[in-house]
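S.K.: This is final10.cif, which holds mmCIF, C-alpha atoms:
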data_start
loop_
_atom_site.label_atom_id
_atom_site.label_comp_id
_atom_site.auth_asym_id
_atom_site.auth_seq_id
_atom_site.Cartn_x
_atom_site.Cartn_y
_atom_site.Cartn_z
CA MET A 256 0.00 0.00 0.00
CA SER A 257 1.47 3.35 -0.98
CA THR A 258 1.48 6.47 1.14
CA PRO A 259 -0.81 9.17 -0.27
CA GLN A 260 0.93 12.32 -1.40
CA VAL A 261 0.08 15.33 0.75
CA MET A 262 -1.18 18.17 -1.39
CA LYS A 263 -0.63 21.83 -0.72
CA LYS A 264 -2.66 24.63 -2.26
CA GLU A 265 -1.79 28.28 -1.75
CA TYR A 266 -4.55 30.85 -1.44
CA ASN A 267 -4.41 34.60 -1.10
CA MET A 268 -7.31 36.13 0.80
CA HIS A 269 -7.61 39.90 0.77
CA LEU A 270 -10.73 41.50 2.14
CA ASP A 271 -11.18 45.21 2.70
CA PHE A 272 -14.24 46.18 4.70
CA SER A 273 -15.52 48.77 7.12
CA LEU A 274 -17.35 47.98 10.30
CA PRO A 275 -19.67 50.28 12.25
CA LEU A 276 -18.31 50.09 15.79
CA GLY A 277 -21.33 51.16 17.82
CA LYS A 278 -21.24 53.18 21.05
CA ALA A 279 -19.48 50.69 23.32
CA TYR A 280 -16.67 49.72 20.97
CA THR A 281 -16.16 53.34 19.88
CA LYS A 282 -15.64 54.44 23.49
CA TRP A 283 -13.27 51.51 24.10
CA MET A 284 -11.22 52.36 20.99
CA GLN A 285 -11.06 56.08 21.83
CA ALA A 286 -9.67 55.20 25.27
CA LEU A 287 -6.90 53.12 23.68
CA LYS A 288 -5.74 56.24 21.87
CA GLU A 289 -5.20 57.79 25.32
CA LYS A 290 -3.32 54.70 26.65
CA LYS A 291 -6.31 53.57 28.69
CA ILE A 292 -7.99 50.19 28.78
CA LEU A 293 -11.65 50.49 29.67
CA GLY A 294 -14.15 47.79 30.41
CA ASN A 295 -17.90 48.11 30.63
CA THR A 296 -19.93 46.28 33.25
CA CYS A 297 -23.28 44.56 33.27
CA GLY A 298 -25.54 46.22 35.84
CA LYS A 299 -27.34 42.95 36.51
CA CYS A 300 -24.56 40.33 36.92
CA GLY A 301 -21.56 42.65 37.40
CA ARG A 302 -19.39 41.04 34.73
CA ILE A 303 -16.69 43.27 33.20
CA PHE A 304 -16.15 43.17 29.44
CA VAL A 305 -12.80 43.89 27.78
CA PRO A 306 -13.08 44.71 24.94
CA ALA A 307 -16.33 46.51 25.65
CA LYS A 308 -19.57 44.85 24.58
CA PRO A 309 -22.92 46.28 23.53
CA PHE A 310 -24.79 43.76 25.73
CA CYS A 311 -24.19 41.01 28.29
CA GLU A 312 -24.66 37.66 26.57
CA ILE A 313 -25.82 36.11 29.88
CA CYS A 314 -28.34 38.74 31.05
CA PHE A 315 -28.98 40.50 27.72
CA GLU A 316 -28.59 43.81 29.55
CA GLU A 317 -26.79 46.80 28.07
CA PRO A 318 -23.66 47.53 30.15
CA ARG A 319 -23.83 51.12 31.39
CA GLU A 320 -20.95 51.52 33.85
CA TRP A 321 -17.34 51.95 32.73
CA VAL A 322 -14.19 51.03 34.65
CA GLU A 323 -10.56 51.76 33.83
CA LEU A 324 -8.23 48.80 34.24
CA ASP A 325 -4.46 49.01 34.69
CA GLY A 326 -3.92 46.90 31.57
CA ARG A 327 -2.24 43.97 33.25
CA GLY A 328 -3.58 40.62 32.24
CA ILE A 329 -3.11 36.88 32.28
CA VAL A 330 -2.31 34.68 29.27
CA GLU A 331 -5.21 32.22 28.93
CA SER A 332 -3.88 30.60 25.75
CA PHE A 333 -1.31 31.28 23.04
CA THR A 334 0.08 30.03 19.77
CA VAL A 335 3.42 30.52 18.06
CA CYS A 336 2.89 31.56 14.44
CA PHE A 337 5.42 30.56 11.80
CA GLU A 338 3.54 31.84 8.74
CA LYS A 339 3.52 35.39 7.39
CA PHE A 340 0.12 37.03 7.44
CA ARG A 341 -0.79 40.48 6.21
CA ASN A 342 -0.55 43.18 8.92
CA CYS A 343 1.27 40.82 11.28
CA PRO A 344 4.90 40.81 12.41
CA ASP A 345 7.46 38.73 10.57
CA PRO A 346 7.37 35.18 11.90
CA PRO A 347 7.88 33.69 14.30
CA TYR A 348 5.59 35.63 16.61
CA VAL A 349 3.17 34.84 19.41
CA VAL A 350 -0.56 35.55 19.50
CA GLY A 351 -2.20 35.23 22.90
CA ILE A 352 -5.66 35.18 24.42
CA ILE A 353 -5.38 37.66 27.29
CA ARG A 354 -7.76 38.30 30.18
CA ILE A 355 -7.34 41.88 31.42
CA GLY A 356 -7.79 42.32 35.17
CA ASP A 357 -11.07 40.85 36.43
CA ALA A 358 -12.73 40.86 33.01
CA ALA A 359 -15.15 38.05 32.17
CA THR A 360 -13.97 38.16 28.55
CA CYS A 361 -10.59 37.99 26.83
CA MET A 362 -8.90 39.77 23.97
CA THR A 363 -6.55 38.45 21.33
CA HIS A 364 -3.25 40.26 20.86
CA PHE A 365 0.43 39.88 20.10
CA ILE A 366 2.79 38.89 22.89
CA GLY A 367 6.28 40.33 22.57
CA GLY A 368 9.25 41.06 24.78
CA LEU A 369 10.51 37.51 24.37
CA ALA A 370 14.23 36.93 23.76
CA TYR A 371 15.11 33.99 21.59
CA GLN A 372 17.64 32.99 18.97
CA ARG A 373 15.70 30.04 17.60
CA PRO A 374 11.91 29.63 17.25
CA GLU A 375 11.88 26.51 19.44
CA GLU A 376 13.00 28.68 22.38
CA ILE A 377 9.77 30.72 22.38
CA PRO A 378 7.48 28.23 24.20
CA GLY A 379 9.90 28.08 27.14
CA GLN A 380 9.43 31.81 27.71
CA ILE A 381 5.65 31.94 27.78
CA ARG A 382 3.07 29.92 29.67
CA ILE A 383 -0.62 29.81 30.44
CA GLY A 384 -1.30 31.95 33.52
CA MET A 385 1.67 34.25 32.90
CA ALA A 386 1.15 37.91 33.82
CA VAL A 387 1.51 40.40 30.96
CA GLU A 388 1.27 44.17 30.55
CA PRO A 389 0.64 46.40 27.53
CA VAL A 390 3.37 48.12 25.55
CA TRP A 391 1.83 51.12 23.84
CA ALA A 392 2.52 52.17 20.26
CA GLU A 393 4.05 55.62 19.76
CA ASP A 394 1.40 56.71 17.27
CA ARG A 395 -2.07 55.82 18.47
CA THR A 396 -5.20 56.20 16.36
CA GLY A 397 -7.98 54.54 18.39
CA ASP A 398 -7.36 50.94 17.32
CA PRO A 399 -6.50 47.68 19.13
CA LEU A 400 -3.00 48.00 17.64
CA ASP A 401 -2.52 51.12 19.77
CA ILE A 402 -1.28 48.40 22.11
CA ALA A 403 1.82 47.35 20.16
CA TYR A 404 1.94 44.08 22.12
CA PHE A 405 1.75 42.63 25.62
CA ARG A 406 5.00 41.67 27.36
CA PRO A 407 5.69 39.48 30.37
CA VAL A 408 5.54 41.35 33.69
CA LYS A 409 8.98 41.33 35.29
#
Show how you would write the structure in this file as structure tokens.

M.R.:
Amino acid sequence: MSTPQVMKKEYNMHLDFSLPLGKAYTKWMQALKEKKILGNTCGKCGRIFVPAKPFCEICFEEPREWVELDGRGIVESFTVCFEKFRNCPDPPYVVGIIRIGDAATCMTHFIGGLAYQRPEEIPGQIRIGMAVEPVWAEDRTGDPLDIAYFRPVK
């Protein structure tokens, strides 16, 4: 019995689009421009949402209160990327799922500040549960990339 040949097909996906942000996400993005991470809270269950949400998916209530968080978070999950994607750093790089403060939700972002000579050294420098903090971009425009990346807390 012969081994089947593994096929590889290259695709190029390019999609330009605009997205109406709504009130909650607009306020969250504007705060990023000022080096602030805001969360909004559900008045019924008290959950904090980062990034901000237009409604609580448990209570279906519109969050009305805002809190400023210090930006420190915990890595809930991560992956090391070895492929080049548009608008991403040159590989290898790390993308993490990060829970900011006491938020009930997480955000996806780059994790930097790792020193390595070879890609296989990256996983030894990052772990689930590791504390991270934001590193702010010099030029901020009101976008999640106003946080250049999160780095391990020393």

S.K.: Hey, what's within 10 Å of Gln380 (chain A) if we count only C-alpha atoms and toss same-chain stuff fewer than 6 positions away? As a list in words, please?

M.R.: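 Selected residues are Gly368, Leu369, Ala370, Tyr371 and Pro407 of chain A.
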
S.K.: Which residues are close to region 281-288 of chain A, i.e. within 8 Å by all atoms listed in the file, leaving aside same-chain residues fewer than 2 positions away? Reply as an mmCIF file with C-alpha atoms, keeping the file's coordinate frame.

M.R.:
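This is the output file part26.cif:
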data_model
loop_
_atom_site.group_PDB
_atom_site.id
_atom_site.type_symbol
_atom_site.label_atom_id
_atom_site.label_comp_id
_atom_site.auth_asym_id
_atom_site.auth_seq_id
_atom_site.Cartn_x
_atom_site.Cartn_y
_atom_site.Cartn_z
ATOM 1 C CA LEU A 276 -18.310 50.090 15.790
ATOM 2 C CA GLY A 277 -21.330 51.160 17.820
ATOM 3 C CA LYS A 278 -21.240 53.180 21.050
ATOM 4 C CA ALA A 279 -19.480 50.690 23.320
ATOM 5 C CA LYS A 290 -3.320 54.700 26.650
ATOM 6 C CA LYS A 291 -6.310 53.570 28.690
ATOM 7 C CA ILE A 292 -7.990 50.190 28.780
ATOM 8 C CA LEU A 293 -11.650 50.490 29.670
ATOM 9 C CA GLY A 294 -14.150 47.790 30.410
ATOM 10 C CA PRO A 306 -13.080 44.710 24.940
ATOM 11 C CA ALA A 307 -16.330 46.510 25.650
ATOM 12 C CA ARG A 395 -2.070 55.820 18.470
ATOM 13 C CA THR A 396 -5.200 56.200 16.360
ATOM 14 C CA GLY A 397 -7.980 54.540 18.390
ATOM 15 C CA ASP A 398 -7.360 50.940 17.320
ATOM 16 C CA PRO A 399 -6.500 47.680 19.130
ATOM 17 C CA ASP A 401 -2.520 51.120 19.770
ATOM 18 C CA ILE A 402 -1.280 48.400 22.110
#

S.K.: Using all atoms listed in the file, give me every residue within 12 Å of (0.5, 43.2, 15.8) in file coordinates, as a PyMOL selection string.

M.R.: chain A and resi 336+339-346+348-351+363-367+390-392+398-405

S.K.: Residues as selected, C-alpha atoms, written as a tab-separated table (two decimals), in the coordinates of the input, can you do that?

M.R.:
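Once everything was written out, this is out.tsv:
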chain	number	residue	atom	x	y	z
A	336	CYS	CA	2.89	31.56	14.44
A	339	LYS	CA	3.52	35.39	7.39
A	340	PHE	CA	0.12	37.03	7.44
A	341	ARG	CA	-0.79	40.48	6.21
A	342	ASN	CA	-0.55	43.18	8.92
A	343	CYS	CA	1.27	40.82	11.28
A	344	PRO	CA	4.90	40.81	12.41
A	345	ASP	CA	7.46	38.73	10.57
A	346	PRO	CA	7.37	35.18	11.90
A	348	TYR	CA	5.59	35.63	16.61
A	349	VAL	CA	3.17	34.84	19.41
A	350	VAL	CA	-0.56	35.55	19.50
A	351	GLY	CA	-2.20	35.23	22.90
A	363	THR	CA	-6.55	38.45	21.33
A	364	HIS	CA	-3.25	40.26	20.86
A	365	PHE	CA	0.43	39.88	20.10
A	366	ILE	CA	2.79	38.89	22.89
A	367	GLY	CA	6.28	40.33	22.57
A	390	VAL	CA	3.37	48.12	25.55
A	391	TRP	CA	1.83	51.12	23.84
A	392	ALA	CA	2.52	52.17	20.26
A	398	ASP	CA	-7.36	50.94	17.32
A	399	PRO	CA	-6.50	47.68	19.13
A	400	LEU	CA	-3.00	48.00	17.64
A	401	ASP	CA	-2.52	51.12	19.77
A	402	ILE	CA	-1.28	48.40	22.11
A	403	ALA	CA	1.82	47.35	20.16
A	404	TYR	CA	1.94	44.08	22.12
A	405	PHE	CA	1.75	42.63	25.62

S.K.: Just give me the gap between CA of Thr334 (chain A) and CA of Lys264 (chain A) in Å, one decimal is fine.

M.R.: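 For CA of Thr334 (chain A) relative to CA of Lys264 (chain A), the distance reads 22.8 Å.
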
S.K.: Quote the spacing between CA of Ile355 (chain A) and CA of Ile377 (chain A) in Å to one decimal place.

M.R.: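 According to the coordinates, CA of Ile355 (chain A) and CA of Ile377 (chain A) are separated by 22.3 Å.
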
S.K.: Can you work out the spacing between CA of Ile303 (chain A) and CA of Glu331 (chain A) in Å, to one decimal?

M.R.: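 Computed distance, CA of Ile303 (chain A) to CA of Glu331 (chain A), equals 16.5 Å.
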
S.K.: So what does the PyMOL selection byres ((chain A and resi 296-299) around 8) actually pick up in this one, as JSON, numbers by chain?

M.R.: {"A": [294, 295, 300, 301, 302, 303, 304, 310, 311, 314, 316, 317, 318, 319, 320, 321, 322]}

S.K.: Output the residue selection produced by the PyMOL selection byres ((chain A and resi 326) around 6) on the file above, formatted as a list in words.

M.R.: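 Output from the PyMOL selection byres ((chain A and resi 326) around 6), applied to this file: Ile292, Leu324, Asp325, Arg327 and Glu388 of chain A.
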